[in-house]
Every structure is written in structure tokens, then in C-alpha cells.
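*Asks:* Okay, here's the structure, questions in a sec.
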Amino acid sequence: MPIKITLPDGSIKEVDVGTTVLQVAESIGVGLARAALAGKVGGTPVDLNYAIQEDSNLEILTFSSDDGKEVYWHSTAHILAQAVQDLFPDAKVTIGPPIENGFYYDFDIERPFTPDELEKIEVRMLAIAKENQSFEREEVSRDEAAKRFGDLGEFYKLELLDAIASDETVSIYKNADKWYDLCRGPHVPSTGRIKSIKLLSSSGAYWRGDEKNKMLQRIYGISFPDKKELQAYLDRIEEAKRRDHRVLGTQLDLFSVNDKVGPGLVLWHPKGMRVRAEIEDFWRQAHYQGDYDIVGSPHIGRSTLWETSGHLDFYRESMYSAMDIDGQEYFAKPMNCPFHSMIYKSSMRSYRDLPFRWAEMGTVYRYEAAGALHGLMRVRGFTQDDAHIFCRPDQVDNEITQVIDFTLFILRSFGFEDFTIDISTRPDKYVGDPKDWDMATAALTQAVEAQNLSYGVDDGGGAFYGPKIDVKIKDALGREWQCSTIQFDFNLPDRFDLSFVGQDGKHHRPYMVHRALLGSMERFFGVLVEHYAGNFPVWLAPVQVAILPVSDPFVDYATDVAKQLKAAGIRVDVDDQDAKLGYKIREAEVQKVPYMLIVGGKEVENSTVAVRRHGEGDLGALSVTDLISRIQGEIENKQEISLISPHI
């Protein structure tokens with residue numbers, strides 16, 4: 001009896017009952033069958049030998065898809081565990097999931113793995129792959145699974161087995177009829193599909209992430225279908241290390257984090273603050289041109305404020321402990337929105353006044369576990385480029401469209417052009433009327449589609465107070481970073497009893513839109529450093545020009561040139577240290593200063609400067625006037641382009 005298989009492109013194939021996923025792939029093409037790793041039948045991941053029994057939607061998974069990579073890396077994690085137990089029979093296996101880039105597996109072993117041992121494990125993994133051992137799925141009873149892993153002394157697997165729901169099938173995957181693991185699957189057909197493997201590092205990790213449990217040894221790795229892809233990935237890792245904002249932050253003297261101050265609390269150095277000031281100045285100018293008003297709020301607020309907003313109910317674990325001030329409890333603010341709500345509430349509002357667009361560079365404080373802190377990317381105190389829009393229901397569509405436009409304009413102004421967008425919808429637990437949720441979600445969707453932007457839908461991923469749009473940017477290495485977010489809020493207007501007087505003379509509830517474009521200054525700054533590898537464009541560079549006198553007699557001329565540049569609004573430093581010219585040039589190159597001006601006797605005589613461009617070399621001699629014109633042209637051209645937008 002034939003059944004219908006619907007493929008992702010909408011085409012339908014008729015096949016016999018019991019046709020496997022691989023057979024469907026073969027009927028489509030030899031190339032697809034060769035690349036196929038697994039399938040998704042009705043949205044459920046399955047092995048290639050899965051026999052389809054009824055009309056179904058089918059997706060063939062290859063390494064080009066995220067789901068395909070997950071299967072590939074999960075299968076490689078099994079090979080890693082098998083190799084470790086081949087070489088270290090006393091090691092106990094725990095879990096080995098795929099992750100965003102590769103996989104890891106945790107082992108209970110008495111001591112950490114050495115670099116030499118990682119190399120031996122990698123060699124054994126490649127041998128297992130070459131043996132082309134089949135991955136075979138076996139569904140077993142709970143008792144049978146418990147007996148098998150109990151006989152092996154794999155008590156971690158017994159604990160995992162106990163956590164499997166009673167109505168869920170228990171399955172085991174085995175290799176070469178001797179090594180097996182408790183696993184839902186799916187897996188690639190055989191170990192031979194894994195072509196290139198690299199173990200990257202090892203570290204300690206607590207069982208189930210709980211520091212009260214035993215410390216395990218985790219091995220991280222990556223694998224690819226061919227050596228070229230592996231080498232390209234390893235090259236990207238090396239480039240990422242070179243661009244690490246923590247390393248460049250020290251090298252370029254931009255910022256630091258000091259334990260005496262506190263983990264996750266950033267100290268901005270003069271050069272870093274110069275860059276930050278440029279970002280903030282641009283941000284303010286753009287907001288004023290976009291019909292926003294800029295507001296300010298304190299760093300702490302009474303507990304009653306956070307009780308009203310709901311933060312003490314829903315967000316307490318991320319807030320710091322209360323402070324006793326005059327017998328009242330105060331909290332460091334984790335968000336700016338309650339303060340903006342109170343500004344709104346300070347006066348009677350008319351329908352004619354709306355919308356209000358209020359933005360703030362507001363510093364907030366949120367608790368992050370010490371192990372999660374990471375340079376500027378994950379901190380405990382940060383400045384959020386927050387804004388809240390209070391509008392009437394009939395203004396929602398236009399406001400959201402403008403926010404999308406404004407978001408992309410701001411991000412593009414800093415050199416980002418590749419975006420990933422997700423729309424998160426109503427979760428199981430929510431506040432507000434479902435009709436309002438539907439309206440808000442539709443407004444978000446229409447705004448994204450109006451930009452002809454592709455997007456994904458995160459069903460149920462919205463906040464309890466409203467749906468949202470998350471915008472991720474891709475940097476120069478193709479890595480995604482979460483920056484911008486646009487969120488509806490049906491919660492705070494009710495909690496703070498916000499209203500406006502409508503045309504009918506009655507009080508109505510405004511809609512509230514939360515919006516952050518850069519996300520936080522700290523994280524965005526870190527992303528910028530890594531995106532540009534510290535080579536900031538001229539308009540952002542902390543030092544735009546370094547003047548390098550050949551020797552002491554020319555310091556006065558260098559100082560005079562510096563005064564002219566500073567008068568023209570150009571950031572300049574004079575290197576008057578007693579050092580050779582070659583050393584000064586190398587120092588300026590290391591500091592990634594866009595322009596270097598060498599001045600000696602010839603330059604003094606001709607009233608010129610010898611110009612070098614970072615990464616380019618000598619540009620020849622220019623008059624100071626011509627140099628100023630050139631640099632200002634670069635800066636002004638950037639600003640002219642940036643400040644043109646159809647919606648601001």
C-alpha cells in the first residue's frame with residue numbers, strides 16, 4: 001500500500017509502507033543519499049534506516065543543516081567515549097551532547113587528561129572511524145537497560161535512566177557489537193561517516209553542573225566530513241584567539257576587570273572611554289533625530305517599586321541583596337523600565353501626547369554566577385541602551401516598523417550587515433489578553449516582513465509579559481551575537497496603572513514597547529573589538545593619529561602639528577619618548593593607530609608630515625591642511641552615511 005511523503009519543498013513522493021528514510025533519499029538522488037546523515041519524520045529526528053509507516057512530512061538531514069550537524073557531532077561524541085574506554089577501561093561515562101560548535105563528553109576518571117593522552121584518544125577515534133562500525137539502535141525495557149549498565153558499573157547511566165519519563169521509550173546505541181551507550185539518537189549510519197576529528201581541550205566539570213557533585217573530566221572536540229572544513233574551522237579558532245577582546249583590551253589599554261573591585265565590574269580606561277564616548281555621542285544624536293527624548297534614572301530604587309513591577313516576584317534571583325537606607329529596603333536596579341513607567345505616571349497623559357519615545361543609557365546590575373562571567377560579554381554591571389515607547393493601540397504597527405528600521409540603521413552604522421531574526425511568541429504562562437498577544441505578534445511579524453528579512457519563530461519563547469523580536473548580528477568571523485531586542489509588555493502598564501485620556505474622554509491603557517539596540521555598551525564594545533580585531537575605523541579609533549618625531553629636536557614641531565589636529569577635532573598623541581623611530585612605528589602599529597605621522601628635518605623645512613597608514617604603509621608627504629582634510633573626510637563621510645535613514 002503506497003503512502004505519501006511530503007518533502008520540504010512541498011513536493012510529494014509516493015512510496016511503499018516500510019520504505020526507509022535512506023531509500024527515499026536514494027530515490028531523490030545519489031548525491032543526497034551519500035550526504036544523508038539522518039532524517040526528520042513528522043518533525044521527529046530518526047535514523048536513516050527508520051521505516052516510514054504512514055503519510056508523513058520528511059526532511060533529509062545533511063551536514064549543511066544545524067540538525068544534521070547535531071547528529072554528526074553527537075555521533076562523534078559516542079566515538080570519543082568508546083575511544084576513552086578503550087584506552088582507559090576504568091573511566092566511567094556520563095553524558096556527551098552536541099553543542100553549538102562540536103561536542104563534549106564527561107568522564108569520571110581519577111585525574112585530568114594530559115595533552116599527550118588527548119592525542120592518543122584522537123588517534124584511537126580516527127581508527128574507530130576507519131573501522132566503519134555500524135551504529136545500531138536497540139529498544140530495550142527499563143529492567144534490561146538497568147541490568148546492562150549495572151553489570152558494567154555505569155552508575156551515572158543508571159541515574160540518567162531513572163530520569164527518563166515512564167512513557168518514554170528506552171533506547172541503546174551500540175558499536176561493533178561491544179560498546180554501547182544509553183541514547184535517544186539518532187546517529188549517522190556508521191562511524192565511517194566521521195572523516196576528520198580534532199580534540200580541542202579538556203577541563204573539569206561537575207556532574208550535572210552542581211558543585212556539590214563529583215568533579216568529572218570533560219573533553220571538547222569537533223569533527224567534519226572532510227579535512228578542508230576542519231582546517232578552516234581551526235583557522236577560525238586561531239583568528240578568534242587573535243581577536244579576543246580580553247587580550248586586545250589589555251594590549252590596547254581599553255579596559256580592565258580587577259578582583260579588588262569585583263568580578264564582572266568593568267574599569268574603563270581613557271582609550272576605551274574615548275571609543276565609548278564616540279558610540280554614545282552617535283547614539284544620542286541618532287535618537288534625537290529619530291524623535292526620541294533621552295531620560296535618566298537613579299541606580300537604586302525602593303523595594304516597593306520592584307514589588308509593583310514584579311521584579312521581586314519574577315526576577316529576584318538575578319537581583320542583588322537589599323540595602324537598608326533609613327529603615328527602608330532599596331535594590332540596585334536590574335532594569336530601567338520601572339523608572340520610565342514612573343516618569344510616564346508623573347503627569348496626566350492625553351491621546352494627543354502619544355507616542356512617547358524615551359531612551360536612556362542606564363547602568364544596571366544583575367547577578368551572574370562567577371563561572372559565567374566572561375570579559376565584557378558577560379558582566380554584573382553594564383550600561384543598557386534602553387528605550388521604552390508608550391503608544392496608543394492604533395500606533396503600534398507604525399512604531400514597531402520604525403523600531404525595526406532604526407535597529408538595522410544603528411547596527412549597519414557600525415559595520416554589521418548580516419542579521420538573524422527570531423520572533424518569540426506567547427509562552428504557556430503569560431499575562432494579558434490573548435487577543436492583545438495576537439495583535440502584538442502580528443505587528444512584530446509584519447514589521448520584519450516589511451523589511452524583506454528572513455526570520456525564525458520561537459514558539460512559546462516570549463517573555464511572560466509579551467512577545468519579542470531578537471536580532472543577532474554576525475561578525476567578521478561569522479559568529480552570531482545577540483544584541484538588539486524589541487519586546488511588547490502587557491504587564492507594566494497594568495501594574496503601574498498607566499493610562500491616557502482618549503478622544504472619548506475616558507482613560508485607556510497605553511501599549512508599552514521595550515527596546516534595546518546595542519544591548520549593552522560592554523557587550524557591544526567587546527563585539528566591536530573582536531569584529532574589527534582592534535582596528536577600529538577612523539571615526540571610532542581611540543587615537544586617530546600618532547605623531548612620531550625622529551628625534552628630540554623635532555618634538556616642538558610635532559607638538560605644533562598636534563595642536564592643529566586637535567583644533568580640527570582629531571584625536572592625536574605625540575610619541576616623545578627617547579626611542580628609535582623604528583620602535584615608535586612598531587608601537588603605533590601594535591596600538592593599531594590609523595595614521596602615523598613621521599616628522600624630521602625635511603618635514604620641518606617643508607611644513608609637511610610623512611604619512612603612514614596602519615596596515616598599508618607609506619602614503620607619502622602631505623601638508624597638515626591636506627592631512628586634516630583627508631581625515632575629516634573619512635570621519636564626516638561615515639557620519640553623513642550613518643545619519644541618513646528614512647525613519648529618522
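Please note that chains go A, B, ... in the order of the C-alpha cells, that every chain numbers its residues from 1, and that ligands are numbered from 1 in the order shown.
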Identify, on the basis of only C-alpha atoms, every residue whose closest approach to segment 470-478 of chain A does not exceed 7 Å; exclude the query and any residue fewer than 4 positions from it along the same chain; express the result as an NGL selection string.
*Replies:* :A and (236 or 416 or 418-423 or 482-486 or 531)
*Asks:* Show me a table, sorted first by chain and then by increasing residue number, of the residues of segment 319-342 of chain A having an atom at most 7 Å from segment 283-302 of chain A, each with its shortest atom pair and the distance in Å to one decimal, counting only C-alpha atoms and written as JSON lines.
*Replies:*
```
{"residue": "A:Glu329", "atom": "CA", "partner": "A:Arg302", "partner_atom": "CA", "distance": 5.9}
{"residue": "A:Tyr330", "atom": "CA", "partner": "A:Arg302", "partner_atom": "CA", "distance": 4.3}
{"residue": "A:Phe331", "atom": "CA", "partner": "A:Ile300", "partner_atom": "CA", "distance": 5.4}
{"residue": "A:Ala332", "atom": "CA", "partner": "A:Ile300", "partner_atom": "CA", "distance": 4.3}
{"residue": "A:Lys333", "atom": "CA", "partner": "A:Ile300", "partner_atom": "CA", "distance": 5.3}
{"residue": "A:Phe339", "atom": "CA", "partner": "A:Ser297", "partner_atom": "CA", "distance": 6.3}
```
*Asks:* With DSSP run on the backbone, what are the helix (DSSP H, G or I) residues within segment 359-553 of chain A? I'd like them as a JSON list (two decimals) with N, CA and C atoms, in the first residue's frame.
*Replies:*
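Everything below was put into selection.json:
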```
[["chain", "number", "residue", "atom", "x", "y", "z"],
["A", 370, "ALA", "N", 29.75, 33.36, 39.04],
["A", 370, "ALA", "CA", 31.16, 33.67, 38.76],
["A", 370, "ALA", "C", 31.67, 32.89, 37.55],
["A", 371, "GLY", "N", 31.24, 31.64, 37.41],
["A", 371, "GLY", "CA", 31.71, 30.83, 36.30],
["A", 371, "GLY", "C", 31.19, 31.27, 34.95],
["A", 372, "ALA", "N", 30.14, 32.09, 34.95],
["A", 372, "ALA", "CA", 29.56, 32.55, 33.68],
["A", 372, "ALA", "C", 30.17, 33.86, 33.20],
["A", 393, "PRO", "N", -3.02, 51.98, 20.88],
["A", 393, "PRO", "CA", -3.13, 50.76, 20.07],
["A", 393, "PRO", "C", -3.05, 51.02, 18.58],
["A", 394, "ASP", "N", -3.62, 52.14, 18.10],
["A", 394, "ASP", "CA", -3.60, 52.41, 16.67],
["A", 394, "ASP", "C", -2.23, 52.84, 16.17],
["A", 395, "GLN", "N", -1.28, 53.08, 17.08],
["A", 395, "GLN", "CA", 0.07, 53.49, 16.69],
["A", 395, "GLN", "C", 1.07, 52.34, 16.68],
["A", 396, "VAL", "N", 0.63, 51.17, 17.12],
["A", 396, "VAL", "CA", 1.56, 50.06, 17.32],
["A", 396, "VAL", "C", 2.30, 49.68, 16.04],
["A", 397, "ASP", "N", 1.56, 49.46, 14.95],
["A", 397, "ASP", "CA", 2.20, 48.99, 13.72],
["A", 397, "ASP", "C", 3.29, 49.95, 13.25],
["A", 398, "ASN", "N", 2.99, 51.23, 13.26],
["A", 398, "ASN", "CA", 3.97, 52.21, 12.79],
["A", 398, "ASN", "C", 5.18, 52.26, 13.71],
["A", 399, "GLU", "N", 4.95, 52.19, 15.02],
["A", 399, "GLU", "CA", 6.07, 52.26, 15.96],
["A", 399, "GLU", "C", 7.00, 51.06, 15.81],
["A", 400, "ILE", "N", 6.43, 49.89, 15.67],
["A", 400, "ILE", "CA", 7.27, 48.70, 15.53],
["A", 400, "ILE", "C", 8.07, 48.76, 14.23],
["A", 401, "THR", "N", 7.42, 49.20, 13.16],
["A", 401, "THR", "CA", 8.13, 49.32, 11.88],
["A", 401, "THR", "C", 9.31, 50.28, 12.01],
["A", 402, "GLN", "N", 9.08, 51.40, 12.68],
["A", 402, "GLN", "CA", 10.16, 52.38, 12.84],
["A", 402, "GLN", "C", 11.28, 51.83, 13.72],
["A", 403, "VAL", "N", 10.91, 51.06, 14.75],
["A", 403, "VAL", "CA", 11.94, 50.49, 15.61],
["A", 403, "VAL", "C", 12.80, 49.50, 14.83],
["A", 404, "ILE", "N", 12.19, 48.68, 13.99],
["A", 404, "ILE", "CA", 12.96, 47.75, 13.16],
["A", 404, "ILE", "C", 13.92, 48.53, 12.26],
["A", 405, "ASP", "N", 13.40, 49.55, 11.59],
["A", 405, "ASP", "CA", 14.25, 50.38, 10.72],
["A", 405, "ASP", "C", 15.41, 50.99, 11.51],
["A", 406, "PHE", "N", 15.07, 51.53, 12.67],
["A", 406, "PHE", "CA", 16.08, 52.20, 13.49],
["A", 406, "PHE", "C", 17.13, 51.20, 13.98],
["A", 407, "THR", "N", 16.69, 50.01, 14.36],
["A", 407, "THR", "CA", 17.60, 48.97, 14.82],
["A", 407, "THR", "C", 18.63, 48.64, 13.75],
["A", 408, "LEU", "N", 18.16, 48.36, 12.55],
["A", 408, "LEU", "CA", 19.06, 47.97, 11.47],
["A", 408, "LEU", "C", 19.97, 49.12, 11.06],
["A", 409, "PHE", "N", 19.44, 50.34, 11.09],
["A", 409, "PHE", "CA", 20.24, 51.51, 10.77],
["A", 409, "PHE", "C", 21.41, 51.67, 11.75],
["A", 410, "ILE", "N", 21.12, 51.53, 13.04],
["A", 410, "ILE", "CA", 22.16, 51.67, 14.05],
["A", 410, "ILE", "C", 23.22, 50.59, 13.88],
["A", 411, "LEU", "N", 22.79, 49.34, 13.73],
["A", 411, "LEU", "CA", 23.74, 48.24, 13.60],
["A", 411, "LEU", "C", 24.58, 48.36, 12.34],
["A", 412, "ARG", "N", 23.94, 48.76, 11.23],
["A", 412, "ARG", "CA", 24.68, 48.93, 9.98],
["A", 412, "ARG", "C", 25.70, 50.06, 10.08],
["A", 413, "SER", "N", 25.40, 51.06, 10.89],
["A", 413, "SER", "CA", 26.31, 52.18, 11.06],
["A", 413, "SER", "C", 27.64, 51.73, 11.66],
["A", 434, "PRO", "N", -5.15, 37.20, 25.33],
["A", 434, "PRO", "CA", -4.61, 36.52, 24.14],
["A", 434, "PRO", "C", -4.82, 37.32, 22.85],
["A", 435, "LYS", "N", -5.90, 38.10, 22.78],
["A", 435, "LYS", "CA", -6.13, 38.92, 21.58],
["A", 435, "LYS", "C", -5.04, 39.98, 21.44],
["A", 436, "ASP", "N", -4.61, 40.55, 22.57],
["A", 436, "ASP", "CA", -3.53, 41.53, 22.53],
["A", 436, "ASP", "C", -2.22, 40.86, 22.10],
["A", 437, "TRP", "N", -2.01, 39.65, 22.59],
["A", 437, "TRP", "CA", -0.81, 38.91, 22.18],
["A", 437, "TRP", "C", -0.82, 38.67, 20.67],
["A", 438, "ASP", "N", -1.96, 38.27, 20.15],
["A", 438, "ASP", "CA", -2.05, 38.02, 18.70],
["A", 438, "ASP", "C", -1.79, 39.29, 17.92],
["A", 439, "MET", "N", -2.36, 40.41, 18.38],
["A", 439, "MET", "CA", -2.15, 41.68, 17.70],
["A", 439, "MET", "C", -0.67, 42.08, 17.73],
["A", 440, "ALA", "N", -0.04, 41.94, 18.91],
["A", 440, "ALA", "CA", 1.35, 42.34, 19.06],
["A", 440, "ALA", "C", 2.27, 41.45, 18.22],
["A", 441, "THR", "N", 2.01, 40.16, 18.23],
["A", 441, "THR", "CA", 2.83, 39.23, 17.45],
["A", 441, "THR", "C", 2.69, 39.53, 15.96],
["A", 442, "ALA", "N", 1.46, 39.83, 15.53],
["A", 442, "ALA", "CA", 1.24, 40.19, 14.12],
["A", 442, "ALA", "C", 1.99, 41.46, 13.76],
["A", 443, "ALA", "N", 2.01, 42.44, 14.66],
["A", 443, "ALA", "CA", 2.72, 43.70, 14.40],
["A", 443, "ALA", "C", 4.22, 43.45, 14.25],
["A", 444, "LEU", "N", 4.77, 42.61, 15.13],
["A", 444, "LEU", "CA", 6.19, 42.29, 15.04],
["A", 444, "LEU", "C", 6.50, 41.58, 13.73],
["A", 445, "THR", "N", 5.65, 40.62, 13.38],
["A", 445, "THR", "CA", 5.87, 39.85, 12.16],
["A", 445, "THR", "C", 5.78, 40.73, 10.92],
["A", 446, "GLN", "N", 4.78, 41.58, 10.87],
["A", 446, "GLN", "CA", 4.60, 42.47, 9.71],
["A", 446, "GLN", "C", 5.77, 43.42, 9.54],
["A", 447, "ALA", "N", 6.30, 43.91, 10.67],
["A", 447, "ALA", "CA", 7.43, 44.84, 10.61],
["A", 447, "ALA", "C", 8.67, 44.16, 10.03],
["A", 448, "VAL", "N", 8.91, 42.91, 10.44],
["A", 448, "VAL", "CA", 10.06, 42.17, 9.92],
["A", 448, "VAL", "C", 9.87, 41.87, 8.44],
["A", 449, "GLU", "N", 8.67, 41.43, 8.08],
["A", 449, "GLU", "CA", 8.41, 41.08, 6.68],
["A", 449, "GLU", "C", 8.47, 42.30, 5.77],
["A", 450, "ALA", "N", 8.11, 43.47, 6.31],
["A", 450, "ALA", "CA", 8.17, 44.70, 5.51],
["A", 450, "ALA", "C", 9.61, 45.04, 5.12],
["A", 492, "LEU", "N", 3.65, 45.79, 32.73],
["A", 492, "LEU", "CA", 3.95, 47.01, 33.48],
["A", 492, "LEU", "C", 2.86, 48.07, 33.36],
["A", 493, "PRO", "N", 2.26, 48.32, 32.19],
["A", 493, "PRO", "CA", 1.19, 49.32, 32.16],
["A", 493, "PRO", "C", 0.06, 49.01, 33.14],
["A", 494, "ASP", "N", -0.25, 47.71, 33.32],
["A", 494, "ASP", "CA", -1.28, 47.33, 34.28],
["A", 494, "ASP", "C", -0.78, 47.48, 35.71],
["A", 495, "ARG", "N", 0.43, 47.00, 35.97],
["A", 495, "ARG", "CA", 0.97, 47.02, 37.33],
["A", 495, "ARG", "C", 1.13, 48.45, 37.85],
["A", 521, "MET", "N", 26.45, 48.44, 26.44],
["A", 521, "MET", "CA", 27.68, 49.05, 25.95],
["A", 521, "MET", "C", 28.84, 48.09, 26.11],
["A", 522, "GLU", "N", 28.89, 47.37, 27.22],
["A", 522, "GLU", "CA", 30.01, 46.48, 27.47],
["A", 522, "GLU", "C", 30.07, 45.37, 26.42],
["A", 523, "ARG", "N", 28.97, 44.69, 26.25],
["A", 523, "ARG", "CA", 28.97, 43.55, 25.32],
["A", 523, "ARG", "C", 29.17, 44.03, 23.88],
["A", 524, "PHE", "N", 28.50, 45.11, 23.51],
["A", 524, "PHE", "CA", 28.63, 45.61, 22.15],
["A", 524, "PHE", "C", 30.06, 46.07, 21.89],
["A", 525, "PHE", "N", 30.69, 46.70, 22.87],
["A", 525, "PHE", "CA", 32.07, 47.13, 22.74],
["A", 525, "PHE", "C", 32.97, 45.92, 22.52],
["A", 526, "GLY", "N", 32.75, 44.86, 23.30],
["A", 526, "GLY", "CA", 33.54, 43.64, 23.13],
["A", 526, "GLY", "C", 33.37, 43.04, 21.74],
["A", 527, "VAL", "N", 32.13, 43.04, 21.25],
["A", 527, "VAL", "CA", 31.87, 42.53, 19.90],
["A", 527, "VAL", "C", 32.58, 43.39, 18.86],
["A", 528, "LEU", "N", 32.54, 44.71, 19.03],
["A", 528, "LEU", "CA", 33.22, 45.60, 18.09],
["A", 528, "LEU", "C", 34.72, 45.34, 18.06],
["A", 529, "VAL", "N", 35.31, 45.19, 19.24],
["A", 529, "VAL", "CA", 36.75, 44.93, 19.30],
["A", 529, "VAL", "C", 37.09, 43.67, 18.51],
["A", 530, "GLU", "N", 36.31, 42.60, 18.68],
["A", 530, "GLU", "CA", 36.60, 41.35, 18.00],
["A", 530, "GLU", "C", 36.24, 41.42, 16.52],
["A", 531, "HIS", "N", 35.17, 42.13, 16.19],
["A", 531, "HIS", "CA", 34.77, 42.28, 14.79],
["A", 531, "HIS", "C", 35.87, 42.98, 13.99],
["A", 532, "TYR", "N", 36.41, 44.05, 14.55],
["A", 532, "TYR", "CA", 37.45, 44.82, 13.86],
["A", 532, "TYR", "C", 38.86, 44.37, 14.22],
["A", 552, "ASP", "N", 64.59, 64.16, 19.40],
["A", 552, "ASP", "CA", 64.16, 65.23, 20.30],
["A", 552, "ASP", "C", 64.05, 66.61, 19.64],
["A", 553, "PRO", "N", 64.98, 67.01, 18.75],
["A", 553, "PRO", "CA", 64.88, 68.36, 18.17],
["A", 553, "PRO", "C", 63.57, 68.63, 17.43]]
```
*Asks:* Could you check which of A:Thr114, A:Thr76, A:Gln577, A:Ser171 is closest to Ser551 of chain A, using only C-alpha atoms?
*Replies:*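 Closest candidate: A:Gln577.
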*Asks:* Out of A:Asp618, A:Arg612, A:Lys584, A:Phe356, which residue has the shortest atom-to-atom distance to Val513 of chain A when counting only C-alpha atoms?
*Replies:*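 Using only C-alpha atoms, the shortest distance to Val513 of chain A belongs to A:Phe356.
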*Asks:* Using only C-alpha atoms, which residue out of A:Trp358, A:Trp179, A:Tyr233, A:Phe536 lies closest to Tyr595 of chain A?
*Replies:*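 Under the stated criterion, the closest residue is A:Phe536.
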*Asks:* Write out as an MDAnalysis selection string which residues come within 7 Å of Met361 of chain A when counting only C-alpha atoms, dropping same-chain ones fewer than 2 positions away.
*Replies:* chainID A and resid 363 383:386
*Asks:* Which residue gives the smallest distance to Pro427 of chain A among A:Gly461, A:Gly375, A:Pro112, A:Gly96, with only C-alpha atoms counted?
*Replies:*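 With only C-alpha atoms as the atom set, the closest residue is A:Gly461.
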*Asks:* Need the shell around segment 209-218 of chain A: protein/DNA/RNA residues with any atom at most 9 Å away, counting only C-alpha atoms. Skip same-chain ones fewer than 4 positions apart. Format as a PyMOL selection string?
*Replies:* chain A and resi 94+104-113+201-205
*Asks:* Got a sec: who's within 9 Å of Ala176 of chain A, counting only C-alpha atoms, leaving out chain neighbours fewer than 4 positions off, as a list in words?
*Replies:*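 With the cut-off at 9 Å, the set is Asn132, Gln133, Ser134, Phe135, Glu136 and Tyr180 of chain A.
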*Asks:* Given the selection you just returned, output its residues as a file containing N, CA and C atoms, formatted as a PDB file, in the first residue's frame.
*Replies:*
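The file below, result-v1.pdb, is the result:
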```pdb
ATOM      1  N   ASN A 132      34.677   1.735  10.408  1.00  0.00           N
ATOM      2  CA  ASN A 132      33.322   1.821   9.848  1.00  0.00           C
ATOM      3  C   ASN A 132      32.322   0.969  10.631  1.00  0.00           C
ATOM      4  N   GLN A 133      32.387   1.067  11.950  1.00  0.00           N
ATOM      5  CA  GLN A 133      31.475   0.317  12.806  1.00  0.00           C
ATOM      6  C   GLN A 133      30.044   0.858  12.668  1.00  0.00           C
ATOM      7  N   SER A 134      29.087  -0.010  12.608  1.00  0.00           N
ATOM      8  CA  SER A 134      27.690   0.401  12.475  1.00  0.00           C
ATOM      9  C   SER A 134      27.160   0.954  13.793  1.00  0.00           C
ATOM     10  N   PHE A 135      26.359   2.010  13.698  1.00  0.00           N
ATOM     11  CA  PHE A 135      25.587   2.475  14.860  1.00  0.00           C
ATOM     12  C   PHE A 135      24.248   1.748  14.809  1.00  0.00           C
ATOM     13  N   GLU A 136      23.995   0.938  15.793  1.00  0.00           N
ATOM     14  CA  GLU A 136      22.775   0.134  15.794  1.00  0.00           C
ATOM     15  C   GLU A 136      21.892   0.523  16.976  1.00  0.00           C
ATOM     16  N   TYR A 180      28.327   0.182  23.952  1.00  0.00           N
ATOM     17  CA  TYR A 180      27.014   0.784  23.783  1.00  0.00           C
ATOM     18  C   TYR A 180      26.796   1.891  24.800  1.00  0.00           C
TER      19      TYR A 180
END
```
*Asks:* Can you list, as a list of chain:residue names, every protein, DNA or RNA residue that comes within 7 Å of Lys592 of chain A when you count only C-alpha atoms, leaving out same-chain residues fewer than 5 positions away?
*Replies:*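 So, after excluding close chain neighbours, the residues are A:Gly534, A:Asn535, A:His614.
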*Asks:* For the selection just defined, write its residues with N, CA and C atoms to a file, as a short mmCIF file (atom, residue, chain, number, x, y, z; two decimals), in the first residue's frame.
*Replies:*
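For reference, selection.cif as written:
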```
data_model
loop_
_atom_site.label_atom_id
_atom_site.label_comp_id
_atom_site.auth_asym_id
_atom_site.auth_seq_id
_atom_site.Cartn_x
_atom_site.Cartn_y
_atom_site.Cartn_z
N GLY A 534 40.39 45.04 16.76
CA GLY A 534 41.03 46.20 17.35
C GLY A 534 41.36 47.30 16.36
N ASN A 535 41.20 47.01 15.05
CA ASN A 535 41.46 48.01 14.01
C ASN A 535 40.20 48.83 13.78
N HIS A 614 48.00 52.61 8.96
CA HIS A 614 48.09 51.29 9.59
C HIS A 614 47.65 50.20 8.61
#
```
*Asks:* Using only C-alpha atoms, which of the listed residues (A:Leu200, A:Ile121, A:Ala36, A:Ile570) sits closest to Gly102 of chain A?
*Replies:*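 Checking each of A:Leu200, A:Ile121, A:Ala36, A:Ile570 against Gly102 of chain A, counting only C-alpha atoms, the winner is A:Leu200.
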*Asks:* Taking the backbone alone, and naming residues the way the document does, which bits of segment 395-528 of chain A are strand (DSSP E or B) by DSSP, as a VMD selection string?
*Replies:* chain A and resid 419 to 424 455 to 458 463 466 468 to 474 480 to 489 500 to 501 507 to 508 511 to 516
*Asks:* Using only C-alpha atoms, what does the table of segment 557-591 of chain A residues within 12 Å of segment 243-257 of chain A look like, with each row giving the shortest atom pair and its distance in Å to one decimal, sorted by chain and ascending number, as JSON lines?
*Replies:*
```
{"residue": "A:Glu587", "atom": "CA", "partner": "A:Leu252", "partner_atom": "CA", "distance": 10.5}
{"residue": "A:Ala588", "atom": "CA", "partner": "A:Leu252", "partner_atom": "CA", "distance": 10.3}
{"residue": "A:Glu589", "atom": "CA", "partner": "A:Leu252", "partner_atom": "CA", "distance": 10.7}
{"residue": "A:Val590", "atom": "CA", "partner": "A:Gln251", "partner_atom": "CA", "distance": 8.0}
{"residue": "A:Gln591", "atom": "CA", "partner": "A:Leu252", "partner_atom": "CA", "distance": 5.6}
```
*Asks:* Keeping C-alpha atoms for every residue in the selection just given, could you write it to a file as a PDB file, in the first residue's frame?
*Replies:*
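Saved the output as again-v6.pdb:
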```
ATOM      1  CA  GLU A 587      54.465  50.632  18.890  1.00  0.00           C
ATOM      2  CA  ALA A 588      51.944  52.623  16.848  1.00  0.00           C
ATOM      3  CA  GLU A 589      51.290  49.571  14.673  1.00  0.00           C
ATOM      4  CA  VAL A 590      50.731  47.399  17.752  1.00  0.00           C
ATOM      5  CA  GLN A 591      48.332  50.031  19.100  1.00  0.00           C
TER       6      GLN A 591
END
```
*Asks:* I'd like to know which of A:Ala163, A:Leu199, A:Leu48, A:Ala33 is closest to Leu126 of chain A, using only C-alpha atoms.
*Replies:*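 The shortest atom-to-atom distance to Leu126 of chain A comes from A:Leu199.
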